[in-house]
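Student: Have a peek at structure-v6.txt (compact mmCIF, C-alpha atoms).
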# COMPACT_ATOMS: atom_id res chain seq x y z
CA MET A 1 0.00 0.00 0.00
CA GLN A 2 2.81 2.38 0.79
CA ALA A 3 4.16 2.04 -2.75
CA LEU A 4 0.71 2.86 -4.17
CA PHE A 5 0.38 5.99 -2.04
CA GLN A 6 3.91 7.04 -2.99
CA ARG A 7 3.19 6.59 -6.70
CA PHE A 8 -0.03 8.59 -6.35
CA ALA A 9 1.84 11.40 -4.56
CA GLU A 10 4.47 11.53 -7.31
CA THR A 11 2.22 11.26 -10.37
CA GLY A 12 -1.28 12.16 -9.16
CA TRP A 13 -2.77 8.98 -10.61
CA ILE A 14 -2.74 5.17 -10.46
CA LYS A 15 -3.42 3.65 -13.89
CA THR A 16 -4.54 0.22 -12.72
CA LYS A 17 -8.27 0.12 -11.88
CA GLU A 18 -7.65 -2.97 -9.76
CA ARG A 19 -5.66 -0.77 -7.35
CA PHE A 20 -7.35 2.64 -7.60
CA ARG A 21 -10.86 3.38 -8.78
CA ASN A 22 -13.75 5.79 -8.61
CA LEU A 23 -16.69 4.45 -6.60
CA GLY A 24 -19.06 7.24 -7.64
CA LYS A 25 -20.99 9.57 -5.37
CA VAL A 26 -22.31 8.63 -1.96
CA ASN A 27 -24.37 11.25 -0.10
CA GLY A 28 -23.00 13.92 -2.44
CA GLN A 29 -19.35 12.98 -1.91
CA ARG A 30 -17.25 11.44 -4.71
CA LEU A 31 -15.45 8.44 -3.24
CA TRP A 32 -12.25 6.83 -4.50
CA GLU A 33 -10.78 3.54 -3.38
CA PHE A 34 -7.21 2.34 -2.98
CA LYS A 35 -7.14 -1.41 -2.69
CA SER A 36 -4.62 -4.16 -2.25
CA HIS A 37 -5.96 -7.66 -1.76
CA GLN A 38 -8.55 -7.32 1.02
CA LEU A 39 -7.35 -3.92 2.32
CA ARG A 40 -9.51 -0.97 1.28
CA PHE A 41 -8.89 2.75 1.81
CA LEU A 42 -11.84 4.98 0.91
CA GLY A 43 -11.49 8.70 0.53
CA ALA A 44 -11.28 11.73 -1.74
CA ARG A 45 -8.55 12.62 -4.17
CA GLY A 46 -6.94 15.93 -4.94
CA SER A 47 -4.35 16.59 -7.64
CA ARG A 48 -1.59 14.83 -5.70
CA GLU A 49 -3.25 14.09 -2.39
CA PHE A 50 -5.62 11.48 -1.09
CA VAL A 51 -7.66 12.06 2.07
CA VAL A 52 -8.30 8.70 3.72
CA ALA A 53 -11.77 8.76 5.25
CA HIS A 54 -12.21 5.09 6.13
CA ALA A 55 -10.14 1.92 5.94
CA PHE A 56 -11.22 -1.67 6.41
CA LYS A 57 -10.61 -5.26 5.45
CA LYS A 58 -13.18 -6.33 2.86
CA LYS A 59 -14.49 -9.84 3.30
CA GLN A 60 -17.38 -9.97 0.81
CA ASP A 61 -17.87 -9.17 -2.87
CA ARG A 62 -19.71 -5.86 -2.49
CA HIS A 63 -19.00 -2.87 -0.28
CA ARG A 64 -21.22 -2.59 2.73
CA PRO A 65 -23.39 0.54 2.48
CA ALA A 66 -22.38 1.43 6.05
CA ASP A 67 -18.69 1.63 5.01
CA LEU A 68 -19.49 3.91 2.06
CA GLU A 69 -21.74 6.15 4.16
CA ARG A 70 -19.14 6.41 6.90
CA ALA A 71 -16.46 7.50 4.44
CA ALA A 72 -18.81 10.11 2.93
CA ARG A 73 -19.69 11.43 6.41
CA VAL A 74 -16.02 11.75 7.39
CA LEU A 75 -15.27 13.64 4.15
CA VAL A 76 -18.11 16.09 4.85
CA GLU A 77 -16.75 16.67 8.37
CA HIS A 78 -13.24 17.11 6.96
CA SER A 79 -14.33 19.70 4.39
CA GLU A 80 -16.30 21.60 7.06
CA ARG A 81 -13.17 21.80 9.23
CA GLU A 82 -11.03 22.89 6.28
CA THR A 83 -13.39 25.75 5.33
CA SER A 84 -13.87 27.11 8.86
Would it be possible to restate this file's structure as structure tokens?
Tutor:
Amino acid sequence: MQALFQRFAETGWIKTKERFRNLGKVNGQRLWEFKSHQLRFLGARGSREFVVAHAFKKKQDRHRPADLERAARVLVEHSERETS
């Protein structure tokens, strides 16, 4: 995972969709996912930054709605703190 985050910081993008992908919008927040095997890091991306909102070990095929909603909620709280 560290190598993926380093590559993202240097280039601003990860080409492989198996490692980095857009999950769409959840509660108005665009979520992105870094993944390596069962480890998942959900958050928001900037040009060369990634704000990790939630991390977990995925054990089923689909994301649990509670994990997606939690990440979206944390991102809203983060943006509120950044703007105040």
Student: Would you kindly return, as a PyMOL selection string, each protein, DNA or RNA residue with an atom no farther than 12 Å from any atom of A:Glu10, considering only C-alpha atoms and excluding same-chain residues fewer than 3 positions away?
Tutor: chain A and resi 3-7+13-14+47-50
Student: Select, from A:Arg64, A:Ala44, A:Lys15, A:Lys58, the residue with the minimum atom-to-atom distance to A:Leu31, counting all atoms listed in the file.
Tutor: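 Among A:Arg64, A:Ala44, A:Lys15, A:Lys58, it is A:Ala44 that comes nearest to A:Leu31.
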Student: Which residue, A:His37, A:Gly24, A:Val76, A:Leu42, has the smallest gap to A:Gln60 when you use only C-alpha atoms?
Tutor: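 When distances to A:Gln60 are compared using only C-alpha atoms, the smallest one comes from A:His37.
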Student: Which one of A:Glu80, A:Thr11, A:Leu75, A:Arg19 sits closest to A:Ser36 if you count all atoms listed in the file?
Tutor: A:Arg19
Student: Give the answer as one residue: which of A:Arg70, A:Arg45, A:His63, A:Lys57 has the shortest atom-to-atom distance to A:Ala9, using all atoms listed in the file?
Tutor: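 Of A:Arg70, A:Arg45, A:His63, A:Lys57, the one nearest A:Ala9, counting all atoms listed in the file, is A:Arg45.
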Student: Atom CA of A:His78 and atom CA of A:Val52, how far apart in Å?
Tutor: 10.3 Å
Student: Which one of A:Asn27, A:Ser84, A:Gln38, A:Ser79 sits closest to A:Arg62 if you count only C-alpha atoms?
Tutor: A:Gln38
Student: Find, counting all atoms listed in the file, the residue in A:Gln2, A:Gln29, A:Thr83, A:Thr16 that gets nearest to A:Leu68.
Tutor: A:Gln29
Student: Would you list the contacts of A:Ala71 as an MDAnalysis selection string, taking every protein, DNA or RNA residue within 6 Å and counting all atoms listed in the file, but skipping same-chain residues closer than 3 positions in sequence?
Tutor: chainID A and resid 53:54 68 74
Student: For atom CA of A:Trp32 and atom CA of A:Arg81, quote the distance in Å rounded to one decimal.
Tutor: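 Between these atoms lies a distance of 20.3 Å.
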Student: As an exercise, work out the distance from atom CA of A:Glu82 to atom CA of A:Phe56 in Å and give it to one decimal place.
Tutor: 24.6 Å
